[in-house]
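Take a look at the structure below.
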Amino acid sequence: MVTWLRVGCAVIAICVVSLVLLPLQILCLRFDWKLRRYLPRYWHRIVCYWLGIRINVIGKAEQRRPLMLAVNHASWLDILVLSSIADVAFIAKAEVRDWPVFGHLAQWQKSVFVVREQKRKTGDQVNEIAERMADGEIMVLFPEGTTSDGNRLLEVKSSLFGAAAAALPKAPDAVVHVQPVAVAYTRVHGIAMGRYYRPLAAWPGDIELLPHLKGIFACGAIDVDVCFGEAVDYRADTNRKEVSATIAQRIRTMLASRLLGREIA
C-alpha cells in the first residue's frame with residue numbers, strides 16, 4: 001500500500017513538472033533558444049528525485065570545449081542520471097525516435113538520431129554533431145552501441161568516434177576533448193546490488209521497457225555512481241582505434257572499481 005502510494009505521488013509530481021517545463025522547452029526548440037540546453041537538467045533532477053535515484057559524482061566534467069563524453073550504457077536510466085548533472089545532448093540510434101515515451105523525451109532534448117545504414121544521412125548527422133560541439137554543447141556518445149547488463153563494458157565501436165574527427169575543422173584549437181565516463185549502479189535500498197540484482201537498474205535489450213519502468217517506480221531507492229575520467233585529446237593525426245581502445249580501458253577500469261568498491265589499477 002505504501003509503495004503504491006509513493007508511486008502515485010511520484011507520477012503526479014513528474015506529470016505536474018512536465019506540464020510546466022515541457023511547453024517552455026518546445027518553445028525553446030522552436031526558436032532554438034539556448035535555454036533549451038539547460039531546462040532538461042532541472043526536469044531530470046526532479047524525475048531522479050521522485051524515482052529515488054541517488055547520484056554520487058566522482059570527478060568532474062572536462063571544462064575545455066569542444067567536448068564529447070563517451071559513456072558505458074546499461075539502462076535508459078543513464079539518460080536521466082547524466083542529464084541531471086550536466087547540460088548534455090545525446091547521440092542515439094535512429095530506432096530510439098520511435099520508442100514510447102523516451103523517443104519523445106529524446107527529441108525534446110534535441111538528441112541527434114543516427115541512421116547508420118544510410119551513409120548520406122549519417123554524414124549530415126555527423127556534421128550536425130560537429131557544429132553543435134563547436135558551439136559549446138556537450139555531446140554524449142554510447143560507444144557500445146547498445147545496452148549491457150550493467151556488470152561490464154561491451155565491445156566499443158571505434159567507428160562511432162567519427163563525430164569527434166568531423167568536429168576538428170570547427171574546433172578553435174583543432175582539438176576535440178573526448179572524456180570517458182563510467183555509470184555504475186551500485187546499491188538498492190542501501191544494499192550492494194551484486195551481479196544478481198543489477199538488472200533492477202540495467203536494461204539489456206531482451207527486457208520489455210514498460211515492465212522495467214514499472215519496476216523502477218516501485219523500487220524507489222537506487223544508488224548510482226558517475227565517474228568522470230581523464231579526457232583524451234583528439235587531433236587531426238590521432239588514430240581513432242587507439243583513442244577508442246584508450247577510452248574503453250578507462251571506462252572499464254572505472255566501472256569495475258565502482259562495482260567492486262575498490263580502486264583497480
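Order determines the names: the first chain of the C-alpha cells is A, the second B, and so forth; residues in each chain are numbered 1 upward, and ligands are numbered 1 upward as they are shown.
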* **Long-range neighbours of Ala166 of chain A as number ranges by chain, 7 Å cut-off, only C-alpha atoms, 4 positions minimum in chain** => A: 126-127, 130, 162
Selection to disk with N, CA and C atoms, as a PDB file, in the first residue's frame:
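See part19.pdb below for the written result:
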ATOM      1  N   VAL A 126      26.516  13.630 -38.637  1.00  0.00           N
ATOM      2  CA  VAL A 126      27.852  13.861 -38.083  1.00  0.00           C
ATOM      3  C   VAL A 126      28.197  15.342 -38.154  1.00  0.00           C
ATOM      4  N   ASN A 127      27.840  15.992 -39.241  1.00  0.00           N
ATOM      5  CA  ASN A 127      28.085  17.434 -39.380  1.00  0.00           C
ATOM      6  C   ASN A 127      27.306  18.226 -38.340  1.00  0.00           C
ATOM      7  N   ALA A 130      29.083  17.868 -35.082  1.00  0.00           N
ATOM      8  CA  ALA A 130      30.295  18.681 -35.092  1.00  0.00           C
ATOM      9  C   ALA A 130      29.978  20.149 -34.851  1.00  0.00           C
ATOM     10  N   GLY A 162      33.815   8.822 -35.063  1.00  0.00           N
ATOM     11  CA  GLY A 162      33.970   9.637 -36.261  1.00  0.00           C
ATOM     12  C   GLY A 162      33.452  11.050 -36.076  1.00  0.00           C
TER      13      GLY A 162
END
* To do: Write out as number ranges by chain the residues lying within 10 Å of Lys157 of chain A, counting only C-alpha atoms and excluding same-chain residues fewer than 3 positions away.
  => A: 142-145, 154, 160-161, 241, 244-245, 248
* From segment 83-254 of chain A, collect each residue whose DSSP state is strand (DSSP E) and return the set as a ChimeraX atom specification. => /A:88-93,112-114,138-141,176-188,191-192,222-228,232-234
Writing out the chosen residues with N, CA and C atoms as an mmCIF file, in the first residue's frame:
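This went into out.cif:
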data_model
loop_
_atom_site.group_PDB
_atom_site.id
_atom_site.type_symbol
_atom_site.label_atom_id
_atom_site.label_comp_id
_atom_site.auth_asym_id
_atom_site.auth_seq_id
_atom_site.Cartn_x
_atom_site.Cartn_y
_atom_site.Cartn_z
ATOM 1 N N VAL A 88 23.643 18.283 -21.279
ATOM 2 C CA VAL A 88 24.162 17.447 -22.359
ATOM 3 C C VAL A 88 23.080 17.171 -23.398
ATOM 4 N N ALA A 89 23.537 16.731 -24.562
ATOM 5 C CA ALA A 89 22.658 16.214 -25.602
ATOM 6 C C ALA A 89 23.219 14.864 -26.028
ATOM 7 N N PHE A 90 22.364 14.010 -26.583
ATOM 8 C CA PHE A 90 22.760 12.628 -26.821
ATOM 9 C C PHE A 90 22.835 12.286 -28.308
ATOM 10 N N ILE A 91 23.741 11.367 -28.607
ATOM 11 C CA ILE A 91 23.831 10.770 -29.938
ATOM 12 C C ILE A 91 23.175 9.400 -29.823
ATOM 13 N N ALA A 92 22.073 9.205 -30.527
ATOM 14 C CA ALA A 92 21.293 7.981 -30.366
ATOM 15 C C ALA A 92 21.046 7.311 -31.712
ATOM 16 N N LYS A 93 20.806 6.015 -31.678
ATOM 17 C CA LYS A 93 20.454 5.307 -32.902
ATOM 18 C C LYS A 93 19.031 5.694 -33.310
ATOM 19 N N VAL A 112 20.567 13.745 -31.378
ATOM 20 C CA VAL A 112 20.869 13.506 -32.786
ATOM 21 C C VAL A 112 20.660 12.016 -33.047
ATOM 22 N N PHE A 113 19.740 11.697 -33.963
ATOM 23 C CA PHE A 113 19.434 10.304 -34.274
ATOM 24 C C PHE A 113 20.221 9.884 -35.512
ATOM 25 N N VAL A 114 21.095 8.902 -35.325
ATOM 26 C CA VAL A 114 21.993 8.489 -36.390
ATOM 27 C C VAL A 114 21.430 7.268 -37.115
ATOM 28 N N ILE A 138 27.757 19.875 -25.049
ATOM 29 C CA ILE A 138 28.393 18.619 -24.670
ATOM 30 C C ILE A 138 27.572 17.478 -25.270
ATOM 31 N N MET A 139 28.192 16.701 -26.137
ATOM 32 C CA MET A 139 27.504 15.587 -26.770
ATOM 33 C C MET A 139 27.898 14.286 -26.083
ATOM 34 N N VAL A 140 26.907 13.444 -25.821
ATOM 35 C CA VAL A 140 27.145 12.160 -25.152
ATOM 36 C C VAL A 140 27.052 11.034 -26.163
ATOM 37 N N LEU A 141 28.090 10.222 -26.193
ATOM 38 C CA LEU A 141 28.144 9.066 -27.082
ATOM 39 C C LEU A 141 28.179 7.794 -26.240
ATOM 40 N N VAL A 176 39.559 18.107 -30.231
ATOM 41 C CA VAL A 176 38.294 17.768 -29.579
ATOM 42 C C VAL A 176 38.626 16.915 -28.364
ATOM 43 N N HIS A 177 38.023 17.228 -27.234
ATOM 44 C CA HIS A 177 38.288 16.510 -25.993
ATOM 45 C C HIS A 177 37.240 15.411 -25.815
ATOM 46 N N VAL A 178 37.713 14.193 -25.701
ATOM 47 C CA VAL A 178 36.837 13.034 -25.505
ATOM 48 C C VAL A 178 37.059 12.513 -24.096
ATOM 49 N N GLN A 179 36.021 12.585 -23.260
ATOM 50 C CA GLN A 179 36.178 12.209 -21.853
ATOM 51 C C GLN A 179 35.427 10.919 -21.541
ATOM 52 N N PRO A 180 36.112 9.920 -20.979
ATOM 53 C CA PRO A 180 35.434 8.683 -20.587
ATOM 54 C C PRO A 180 34.633 8.884 -19.299
ATOM 55 N N VAL A 181 33.451 8.292 -19.266
ATOM 56 C CA VAL A 181 32.589 8.378 -18.086
ATOM 57 C C VAL A 181 32.020 6.992 -17.810
ATOM 58 N N ALA A 182 32.071 6.577 -16.553
ATOM 59 C CA ALA A 182 31.509 5.287 -16.154
ATOM 60 C C ALA A 182 30.279 5.513 -15.284
ATOM 61 N N VAL A 183 29.176 4.878 -15.648
ATOM 62 C CA VAL A 183 27.951 4.923 -14.857
ATOM 63 C C VAL A 183 27.743 3.538 -14.251
ATOM 64 N N ALA A 184 27.762 3.472 -12.921
ATOM 65 C CA ALA A 184 27.683 2.185 -12.227
ATOM 66 C C ALA A 184 26.529 2.192 -11.234
ATOM 67 N N TYR A 185 25.615 1.239 -11.386
ATOM 68 C CA TYR A 185 24.501 1.092 -10.442
ATOM 69 C C TYR A 185 24.972 0.165 -9.331
ATOM 70 N N THR A 186 25.026 0.690 -8.112
ATOM 71 C CA THR A 186 25.757 0.000 -7.052
ATOM 72 C C THR A 186 24.893 -0.553 -5.913
ATOM 73 N N ARG A 187 23.821 0.143 -5.551
ATOM 74 C CA ARG A 187 23.049 -0.271 -4.383
ATOM 75 C C ARG A 187 21.543 -0.131 -4.627
ATOM 76 N N VAL A 188 20.779 -0.930 -3.935
ATOM 77 C CA VAL A 188 19.330 -0.804 -3.917
ATOM 78 C C VAL A 188 18.887 -0.849 -2.457
ATOM 79 N N ILE A 191 21.687 -1.493 0.009
ATOM 80 C CA ILE A 191 22.380 -2.783 -0.002
ATOM 81 C C ILE A 191 23.036 -2.991 -1.359
ATOM 82 N N ALA A 192 24.288 -3.472 -1.333
ATOM 83 C CA ALA A 192 25.012 -3.699 -2.585
ATOM 84 C C ALA A 192 24.211 -4.601 -3.513
ATOM 85 N N ILE A 222 17.633 3.602 -5.556
ATOM 86 C CA ILE A 222 18.765 3.057 -6.295
ATOM 87 C C ILE A 222 19.923 4.048 -6.229
ATOM 88 N N ASP A 223 21.104 3.543 -5.871
ATOM 89 C CA ASP A 223 22.307 4.373 -5.849
ATOM 90 C C ASP A 223 23.087 4.155 -7.132
ATOM 91 N N VAL A 224 23.571 5.247 -7.707
ATOM 92 C CA VAL A 224 24.369 5.163 -8.929
ATOM 93 C C VAL A 224 25.585 6.067 -8.801
ATOM 94 N N ASP A 225 26.735 5.546 -9.206
ATOM 95 C CA ASP A 225 27.974 6.324 -9.223
ATOM 96 C C ASP A 225 28.256 6.774 -10.655
ATOM 97 N N VAL A 226 28.602 8.041 -10.812
ATOM 98 C CA VAL A 226 29.012 8.573 -12.113
ATOM 99 C C VAL A 226 30.448 9.040 -11.973
ATOM 100 N N CYS A 227 31.346 8.376 -12.685
ATOM 101 C CA CYS A 227 32.783 8.624 -12.535
ATOM 102 C C CYS A 227 33.354 9.235 -13.812
ATOM 103 N N PHE A 228 33.878 10.459 -13.700
ATOM 104 C CA PHE A 228 34.494 11.143 -14.832
ATOM 105 C C PHE A 228 35.991 10.845 -14.847
ATOM 106 N N VAL A 232 40.801 12.477 -23.323
ATOM 107 C CA VAL A 232 41.776 12.224 -24.377
ATOM 108 C C VAL A 232 41.631 13.319 -25.424
ATOM 109 N N ASP A 233 42.740 13.877 -25.854
ATOM 110 C CA ASP A 233 42.712 14.908 -26.895
ATOM 111 C C ASP A 233 42.699 14.250 -28.268
ATOM 112 N N TYR A 234 41.680 14.560 -29.034
ATOM 113 C CA TYR A 234 41.537 14.014 -30.385
ATOM 114 C C TYR A 234 41.987 15.083 -31.373
#
* **Close residues, Tyr49 of chain A itself excluded, 10 Å, only C-alpha atoms, min 2 positions apart in chain, as a PyMOL selection string** => chain A and resi 10+14+44-47+51-55+84+220-221
Can I get the selected residues back with all heavy atoms, as a compact mmCIF listing (two decimals), in the first residue's frame?
# COMPACT_ATOMS: atom_id res chain seq x y z
N ALA A 10 4.79 10.06 -6.99
CA ALA A 10 5.88 10.30 -7.94
C ALA A 10 5.33 10.60 -9.33
O ALA A 10 5.78 11.54 -10.00
CB ALA A 10 6.81 9.09 -7.99
N ILE A 14 5.83 14.19 -11.27
CA ILE A 14 6.52 14.23 -12.56
C ILE A 14 5.61 14.83 -13.63
O ILE A 14 6.06 15.62 -14.47
CB ILE A 14 7.00 12.82 -12.95
CG1 ILE A 14 8.13 12.38 -12.01
CG2 ILE A 14 7.49 12.80 -14.40
CD1 ILE A 14 8.53 10.92 -12.18
N HIS A 44 15.17 16.50 -15.29
CA HIS A 44 15.77 15.21 -14.96
C HIS A 44 16.12 15.11 -13.47
O HIS A 44 16.02 14.03 -12.88
CB HIS A 44 17.01 14.97 -15.82
CG HIS A 44 16.69 14.60 -17.23
ND1 HIS A 44 16.68 15.52 -18.25
CD2 HIS A 44 16.35 13.41 -17.79
CE1 HIS A 44 16.36 14.91 -19.38
NE2 HIS A 44 16.16 13.64 -19.14
N ARG A 45 16.55 16.21 -12.87
CA ARG A 45 16.84 16.19 -11.44
C ARG A 45 15.59 15.86 -10.63
O ARG A 45 15.63 15.07 -9.68
CB ARG A 45 17.40 17.54 -11.00
CG ARG A 45 18.86 17.75 -11.33
CD ARG A 45 19.36 19.07 -10.78
NE ARG A 45 20.78 19.27 -11.07
CZ ARG A 45 21.46 20.35 -10.73
NH1 ARG A 45 20.86 21.34 -10.08
NH2 ARG A 45 22.74 20.45 -11.02
N ILE A 46 14.48 16.47 -11.01
CA ILE A 46 13.23 16.23 -10.30
C ILE A 46 12.77 14.79 -10.49
O ILE A 46 12.33 14.13 -9.55
CB ILE A 46 12.16 17.23 -10.78
CG1 ILE A 46 12.55 18.65 -10.35
CG2 ILE A 46 10.79 16.87 -10.23
CD1 ILE A 46 11.71 19.75 -10.97
N VAL A 47 12.88 14.28 -11.72
CA VAL A 47 12.48 12.91 -12.00
C VAL A 47 13.34 11.93 -11.20
O VAL A 47 12.83 10.98 -10.60
CB VAL A 47 12.57 12.61 -13.51
CG1 VAL A 47 12.36 11.12 -13.77
CG2 VAL A 47 11.55 13.43 -14.28
N LEU A 51 12.03 9.25 -8.44
CA LEU A 51 12.26 7.83 -8.67
C LEU A 51 13.14 7.21 -7.58
O LEU A 51 13.32 6.00 -7.54
CB LEU A 51 12.93 7.61 -10.03
CG LEU A 51 12.07 7.86 -11.27
CD1 LEU A 51 12.89 7.60 -12.54
CD2 LEU A 51 10.81 7.00 -11.26
N GLY A 52 13.71 8.07 -6.72
CA GLY A 52 14.56 7.57 -5.65
C GLY A 52 15.95 7.23 -6.13
O GLY A 52 16.65 6.40 -5.51
N ILE A 53 16.40 7.87 -7.20
CA ILE A 53 17.75 7.62 -7.73
C ILE A 53 18.72 8.58 -7.07
O ILE A 53 18.62 9.80 -7.25
CB ILE A 53 17.78 7.79 -9.25
CG1 ILE A 53 16.82 6.80 -9.91
CG2 ILE A 53 19.19 7.58 -9.79
CD1 ILE A 53 16.62 7.03 -11.39
N ARG A 54 19.65 8.05 -6.31
CA ARG A 54 20.64 8.86 -5.59
C ARG A 54 21.96 8.80 -6.34
O ARG A 54 22.51 7.71 -6.55
CB ARG A 54 20.78 8.36 -4.16
CG ARG A 54 19.47 8.51 -3.36
CD ARG A 54 19.56 7.92 -1.98
NE ARG A 54 19.69 6.47 -1.99
CZ ARG A 54 19.46 5.70 -0.93
NH1 ARG A 54 19.10 6.25 0.21
NH2 ARG A 54 19.60 4.39 -1.02
N ILE A 55 22.46 9.95 -6.72
CA ILE A 55 23.61 10.03 -7.61
C ILE A 55 24.86 10.49 -6.87
O ILE A 55 24.84 11.51 -6.18
CB ILE A 55 23.32 10.99 -8.78
CG1 ILE A 55 22.04 10.57 -9.51
CG2 ILE A 55 24.50 11.03 -9.76
CD1 ILE A 55 21.53 11.58 -10.51
N SER A 84 20.85 14.95 -15.40
CA SER A 84 20.58 15.64 -14.14
C SER A 84 21.82 16.32 -13.57
O SER A 84 21.71 17.18 -12.70
CB SER A 84 20.01 14.66 -13.11
OG SER A 84 21.01 13.75 -12.67
N GLY A 220 12.21 2.48 -5.91
CA GLY A 220 12.26 3.71 -5.13
C GLY A 220 13.55 4.04 -4.40
O GLY A 220 13.59 5.01 -3.66
N ALA A 221 14.62 3.28 -4.58
CA ALA A 221 15.88 3.60 -3.89
C ALA A 221 17.04 2.91 -4.58
O ALA A 221 17.38 1.78 -4.26
CB ALA A 221 15.81 3.20 -2.42
* Choose the residue, out of A:Leu77, A:Ala70, A:Leu39, A:Ala86, that has the smallest atom-to-atom separation from Pro199 of chain A; count only C-alpha atoms. => A:Leu77
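Atom CA of Asp32 of chain A lies 13.3 Å from atom CA of Gln107 of chain A.
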